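Structure file work01.txt with compact mmCIF, C-alpha atoms:
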```txt
# COMPACT_ATOMS: atom_id res chain seq x y z
CA MET X 1 0.00 0.00 0.00
CA ASN X 2 1.39 3.38 -0.99
CA GLN X 3 2.11 5.78 1.88
CA PHE X 4 2.08 9.57 1.65
CA LYS X 5 4.28 11.70 3.93
CA THR X 6 3.89 15.47 4.01
CA PHE X 7 6.22 18.35 4.79
CA THR X 8 5.64 22.10 4.86
CA GLY X 9 8.57 24.46 4.40
CA GLY X 10 9.85 27.76 3.12
CA PRO X 11 8.60 31.30 3.73
CA LEU X 12 5.32 30.62 1.92
CA ASP X 13 4.52 27.40 3.83
CA THR X 14 4.73 25.24 0.73
CA ASN X 15 3.76 21.58 0.92
CA ALA X 16 5.86 18.68 -0.33
CA ILE X 17 4.59 15.11 -0.42
CA LEU X 18 6.69 11.95 -0.42
CA LEU X 19 5.00 8.90 -1.89
CA GLU X 20 6.57 5.67 -0.69
CA SER X 21 5.99 2.68 -2.92
CA PRO X 22 7.70 -0.67 -3.55
CA GLY X 23 8.91 0.39 -7.00
CA GLY X 24 10.54 3.60 -5.81
CA ASN X 25 9.83 6.72 -3.79
CA ILE X 26 8.50 9.86 -5.45
CA LEU X 27 8.80 13.34 -3.94
CA PHE X 28 6.36 15.94 -5.22
CA ASP X 29 7.77 19.48 -5.05
CA ALA X 30 10.83 20.74 -3.23
CA PRO X 31 10.26 23.77 -1.01
CA GLN X 32 13.00 25.21 1.15
CA GLY X 33 13.77 22.74 3.94
CA ALA X 34 12.68 19.66 1.99
CA ASP X 35 16.26 18.55 1.38
CA ARG X 36 16.96 18.40 5.12
CA ARG X 37 13.56 16.89 5.96
CA PHE X 38 13.92 13.99 3.53
CA ALA X 39 17.68 13.50 3.89
CA GLY X 40 17.11 10.20 5.66
CA GLU X 41 14.57 8.95 3.14
CA LYS X 42 15.11 7.33 -0.24
CA VAL X 43 14.07 9.62 -3.09
CA ASP X 44 14.10 8.06 -6.56
CA TRP X 45 12.13 10.71 -8.46
CA LEU X 46 11.28 14.36 -7.89
CA LEU X 47 8.13 15.42 -9.73
CA LEU X 48 7.25 19.10 -9.86
CA THR X 49 3.69 20.36 -10.00
CA HIS X 50 4.98 23.63 -11.48
CA GLY X 51 8.06 25.81 -11.58
CA HIS X 52 7.43 28.60 -9.07
CA PHE X 53 10.43 29.15 -6.83
CA ASP X 54 8.70 28.19 -3.59
CA HIS X 55 8.13 24.70 -5.04
CA THR X 56 11.62 24.25 -6.50
CA ALA X 57 13.98 25.90 -3.98
CA ASP X 58 15.60 22.63 -2.82
CA ALA X 59 15.31 20.68 -6.07
CA ALA X 60 18.98 20.86 -7.07
CA ALA X 61 20.10 19.98 -3.54
CA ILE X 62 17.74 17.01 -3.38
CA GLN X 63 18.97 15.69 -6.71
CA ARG X 64 22.58 16.11 -5.58
CA ARG X 65 21.95 14.24 -2.31
CA HIS X 66 19.86 11.36 -3.68
CA GLY X 67 20.91 11.13 -7.32
CA CYS X 68 17.21 11.15 -8.16
CA LYS X 69 15.67 11.96 -11.50
CA ILE X 70 13.54 15.08 -11.98
CA ALA X 71 10.44 15.42 -14.14
CA TYR X 72 8.14 18.32 -14.99
CA HIS X 73 6.14 19.87 -17.84
CA PRO X 74 8.07 21.45 -20.75
CA ASP X 75 6.64 24.89 -19.91
CA THR X 76 8.43 24.67 -16.56
CA THR X 77 11.88 24.55 -18.18
CA PRO X 78 12.64 28.30 -18.26
CA MET X 79 11.90 28.56 -14.54
CA THR X 80 14.30 25.78 -13.55
CA THR X 81 17.19 26.24 -15.94
CA ASP X 82 17.62 30.04 -15.83
CA PRO X 83 18.81 31.23 -12.39
CA GLY X 84 17.74 34.82 -13.14
CA PHE X 85 14.22 34.00 -14.31
CA PHE X 86 12.43 35.19 -11.18
CA ARG X 87 14.67 38.22 -10.71
CA ARG X 88 13.46 39.47 -14.08
CA MET X 89 9.90 39.00 -12.81
CA GLY X 90 10.64 41.38 -9.95
CA PHE X 91 11.53 38.89 -7.20
CA GLU X 92 14.83 39.47 -5.43
CA LEU X 93 15.94 35.86 -5.53
CA GLU X 94 17.63 33.26 -7.67
CA ILE X 95 17.38 29.48 -7.72
CA GLU X 96 20.13 26.95 -8.25
CA PRO X 97 19.38 25.76 -11.80
CA PHE X 98 18.58 22.17 -12.67
CA SER X 99 17.20 20.28 -15.67
CA ALA X 100 14.59 17.61 -16.29
CA ASP X 101 15.45 13.99 -16.88
CA ARG X 102 11.93 13.48 -18.17
CA LEU X 103 9.34 15.89 -19.52
CA LEU X 104 5.73 15.22 -18.59
CA GLY X 105 2.46 16.06 -20.30
CA GLU X 106 -1.14 15.17 -19.73
CA CYS X 107 -1.43 11.39 -19.57
CA ASN X 108 -4.41 9.18 -18.77
CA GLU X 109 -2.33 6.17 -17.72
CA CYS X 110 1.29 6.84 -16.76
CA GLU X 111 3.84 5.04 -14.67
CA VAL X 112 6.70 6.52 -12.66
CA ALA X 113 8.89 4.34 -10.43
CA GLY X 114 6.40 1.52 -10.79
CA THR X 115 3.49 3.68 -9.59
CA LYS X 116 0.50 4.19 -11.85
CA MET X 117 -1.01 7.65 -12.01
CA LYS X 118 -3.01 10.00 -14.16
CA ILE X 119 -1.41 13.34 -15.00
CA LEU X 120 -3.67 16.34 -15.57
CA LEU X 121 -2.47 19.57 -17.15
CA VAL X 122 -4.26 22.47 -15.43
CA PRO X 123 -2.56 25.79 -16.25
CA GLY X 124 -3.84 29.20 -15.23
CA HIS X 125 -1.92 29.67 -11.99
CA CYS X 126 1.33 28.93 -13.78
CA PRO X 127 2.18 27.64 -17.26
CA GLY X 128 2.68 23.89 -17.19
CA SER X 129 0.88 23.24 -13.89
CA LEU X 130 0.38 19.51 -13.39
CA CYS X 131 -1.84 17.56 -11.00
CA PHE X 132 -1.08 13.91 -10.22
CA PHE X 133 -4.03 11.62 -9.56
CA PHE X 134 -3.78 8.13 -8.06
CA PRO X 135 -7.02 6.29 -8.88
CA ASP X 136 -6.25 3.27 -6.70
CA SER X 137 -6.04 5.34 -3.51
CA LEU X 138 -8.14 8.35 -4.57
CA ARG X 139 -5.38 10.86 -3.86
CA LEU X 140 -4.54 13.98 -5.86
CA ILE X 141 -1.30 15.96 -5.66
CA GLY X 142 -2.75 19.30 -6.74
CA GLY X 143 0.02 21.89 -6.53
CA ASP X 144 -1.27 25.45 -6.58
CA VAL X 145 -4.39 24.70 -8.63
CA LEU X 146 -7.02 23.94 -5.99
CA PHE X 147 -6.94 24.75 -2.27
CA ARG X 148 -9.44 24.26 0.53
CA ASP X 149 -11.96 27.03 -0.14
CA GLY X 150 -9.63 28.60 -2.68
CA VAL X 151 -7.67 28.36 -5.91
CA GLY X 152 -4.20 29.35 -7.04
CA ARG X 153 -3.65 33.04 -7.71
CA TRP X 154 -3.73 34.03 -11.37
CA ASP X 155 -2.30 37.56 -11.25
CA LEU X 156 1.35 36.52 -11.65
CA PRO X 157 3.05 36.53 -15.08
CA GLY X 158 1.63 33.67 -17.14
CA GLY X 159 -1.54 33.51 -15.04
CA ASP X 160 -5.00 33.17 -16.56
CA GLY X 161 -8.03 33.04 -14.26
CA PRO X 162 -10.67 31.78 -16.72
CA LEU X 163 -8.28 29.06 -17.92
CA LEU X 164 -7.64 27.99 -14.33
CA PHE X 165 -11.35 27.84 -13.45
CA LYS X 166 -12.14 25.90 -16.62
CA GLY X 167 -9.44 23.33 -15.89
CA ILE X 168 -10.61 22.82 -12.32
CA ARG X 169 -14.22 22.33 -13.33
CA GLU X 170 -13.59 20.13 -16.35
CA LYS X 171 -10.72 18.00 -15.04
CA LEU X 172 -10.54 18.04 -11.25
CA PHE X 173 -14.24 18.19 -10.47
CA ALA X 174 -14.74 15.23 -12.80
CA LEU X 175 -12.79 13.04 -10.36
CA ASP X 176 -14.40 10.90 -7.66
CA PRO X 177 -15.77 13.26 -4.97
CA GLU X 178 -14.05 11.18 -2.28
CA THR X 179 -10.64 12.05 -3.71
CA ILE X 180 -8.36 13.60 -1.10
CA VAL X 181 -6.47 16.63 -2.41
CA PHE X 182 -2.96 17.48 -1.21
CA PRO X 183 -2.64 21.15 -2.20
CA GLY X 184 0.54 23.17 -2.58
CA HIS X 185 -0.39 25.28 0.45
CA GLY X 186 -2.73 24.75 3.37
CA PRO X 187 -4.65 21.71 4.63
CA THR X 188 -5.95 18.77 2.64
CA THR X 189 -9.45 18.84 1.21
CA THR X 190 -11.64 16.67 -1.01
CA ILE X 191 -12.97 17.07 -4.51
CA GLY X 192 -16.52 16.69 -3.21
CA TYR X 193 -16.12 19.45 -0.63
CA GLU X 194 -14.69 21.87 -3.17
CA ARG X 195 -17.37 21.07 -5.73
CA ASP X 196 -19.99 22.01 -3.16
CA HIS X 197 -18.31 24.85 -1.27
CA ASN X 198 -15.42 26.44 -3.14
CA PRO X 199 -16.36 30.14 -3.53
CA TYR X 200 -14.42 30.48 -6.79
CA VAL X 201 -15.50 27.41 -8.74
CA GLY X 202 -17.98 25.44 -6.63
CA GLY X 203 -21.63 24.81 -7.31
CA ASP X 204 -21.87 25.57 -11.04
CA PHE X 205 -21.01 22.56 -13.19
CA SER X 206 -22.15 23.90 -16.55
CA LEU X 207 -18.65 23.55 -17.97
CA LEU X 208 -18.70 19.82 -17.24
CA ASP X 209 -21.54 19.42 -19.74
CA THR X 210 -19.93 21.32 -22.64
```
Let me see the file written as structure tokens.
Amino acid sequence: MNQFKTFTGGPLDTNAILLESPGGNILFDAPQGADRRFAGEKVDWLLLTHGHFDHTADAAAIQRRHGCKIAYHPDTTPMTTDPGFFRRMGFELEIEPFSADRLLGECNECEVAGTKMKILLVPGHCPGSLCFFFPDSLRLIGGDVLFRDGVGRWDLPGGDGPLLFKGIREKLFALDPETIVFPGHGPTTTIGYERDHNPYVGGDFSLLDT
């Protein structure tokens, strides 16, 4: 049975999730402090939900420590390979650059480290935002797409509110309502709760029928 371990780190309280499985361990996102937190664990793959700096701060260090492979969407590449990317966006910071060993896109049936998952592309908060769904355990690694009673902000460069809302309604709200969501920030929630209560996208399912 797969086991999920969570960690919250960095100045923005960003969540990372380690999925332990017999075929290999997968870490989702790498906020500041994740390298130290998971130093005693085995990390075979690091999968990024998106490329914002608070989710990638420790990625290079984690790869250096564990020799793990890194995977993300092609649109994430400029944010991880160019150390000055975020400085040009107005943030006074730089990341240690790193590259992908595997590029990921939307995929109905994928396998990473022996673990089967469905990958959903849901941009709008950030280009190339991915959500990772595990149908066997009804778990979703959601990144900064869907939060408890909220959604990812869309006012940053590359953001698009209508695109974000459309993706949530058409792709995430189509999942089993019992699905537990591990968001990029804040507490876990469920698809069913957000469908019923989310003030940004809950209650109106007209887009599901188009």
All residues 7 Å or closer to region 113-123 of chain X, all atoms listed in the file, same chain fewer than 4 positions away omitted, as JSON, numbers by chain: {"X": [23, 24, 105, 106, 107, 108, 109, 127, 128, 129, 130, 131, 132, 133, 134, 135, 163, 164, 167]}
Can you list, as a list in words, every protein, DNA or RNA residue that comes within 10 Å of Gly67 (chain X) when you count all atoms listed in the file, leaving out same-chain residues fewer than 6 positions away?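 Final neighbour list, sorted by chain and number: Lys42, Val43, Asp44, Trp45, Ala60 and Ala61 of chain X.
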Any chance you could export the current selection's C-alpha atoms as a PDB file, in the coordinates of the input?
```pdb
ATOM      1  CA  LYS X  42      15.110   7.330  -0.240  1.00  0.00           C
ATOM      2  CA  VAL X  43      14.070   9.620  -3.090  1.00  0.00           C
ATOM      3  CA  ASP X  44      14.100   8.060  -6.560  1.00  0.00           C
ATOM      4  CA  TRP X  45      12.130  10.710  -8.460  1.00  0.00           C
ATOM      5  CA  ALA X  60      18.980  20.860  -7.070  1.00  0.00           C
ATOM      6  CA  ALA X  61      20.100  19.980  -3.540  1.00  0.00           C
TER       7      ALA X  61
END
```
Top pick for closest residue to Asp13 (chain X), considering X:Ala34, X:Ala39, X:Leu103, X:Val151 and counting only C-alpha atoms: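 When distances to Asp13 (chain X) are compared using only C-alpha atoms, the smallest one comes from X:Ala34.
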Which residues come within 8 Å of region 198-202 of chain X, counting only C-alpha atoms, excluding same-chain residues fewer than 2 positions away, as number ranges by chain? X: 148-151, 165, 168-169, 193-196, 204-205
Give me, please, the distance in Å between CA of Phe86 (chain X) and CA of Ala100 (chain X), quoted to one decimal.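 CA of Ala100 (chain X) lies 18.4 Å from CA of Phe86 (chain X).
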Which of these, X:Leu27, X:Ile62, X:Leu104, X:Val181, has the shortest distance to Thr77 (chain X) once you count all atoms listed in the file?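 Comparing X:Leu27, X:Ile62, X:Leu104, X:Val181 against Thr77 (chain X), the winner is X:Leu104.
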Can you measure CA of Gln63 (chain X) to CA of Pro31 (chain X) for me? One decimal in Å is fine.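 Atom-to-atom, CA of Gln63 (chain X) to CA of Pro31 (chain X), that is 13.2 Å.
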Expected residue set, 10 Å radius at (-9.1, 4.8, -4.2), only C-alpha atoms, as a list in words: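 In the file's frame, the residues around the point are Phe134, Pro135, Asp136, Ser137, Leu138, Arg139, Asp176, Glu178, Thr179 and Ile180 of chain X.
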Could you state the separation of CA of Asp75 (chain X) and CA of Ala59 (chain X) in Å, given to one decimal place?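 Distance reported for this atom pair: 16.9 Å.
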Surrounding residues of Gly152 (chain X) excluding itself and chain neighbours under 5 positions, 6 Å, all atoms listed in the file, as an MDAnalysis selection string: chainID X and resid 125 144:145
Which is closest to Pro183 (chain X) among X:Leu12, X:Val112, X:Ile17, X:Leu93, if we use all atoms listed in the file?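 Smallest distance to Pro183 (chain X) is found for X:Ile17.
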Which is closer to Thr56 (chain X) than all the others in X:Trp154, X:Phe147, X:Gly161, X:Gly184, using only C-alpha atoms?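 Closest residue, counting only C-alpha atoms: X:Gly184.
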From the set X:Ala71, X:Met79, X:Ile26, X:Ala57, which residue has the shortest atom-to-atom contact distance to Gly9 (chain X), counting all atoms listed in the file?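 Closest to Gly9 (chain X) of all the choices is X:Ala57.
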May I ask which of the residues X:Pro78, X:Pro83, X:Pro157, X:Gly40 is the closest one to Arg65 (chain X), counting all atoms listed in the file? X:Gly40
Near Gln3 (chain X), counting all atoms listed in the file, which residues have an atom at most 8 Å away, once you skip same-chain residues fewer than 6 positions from it, shown as number ranges by chain? X: 19-21
Set up a box along x, y and z of the file covering all listed atoms of region 119-130 of chain X, add 8 Å on every one of the six sides, and write the centre and edge lengths in Å to one decimal, as lines of an AutoDock Vina configuration file.
```
center_x = -0.8
center_y = 21.5
center_z = -14.6
size_x = 22.9
size_y = 32.3
size_z = 21.3
```
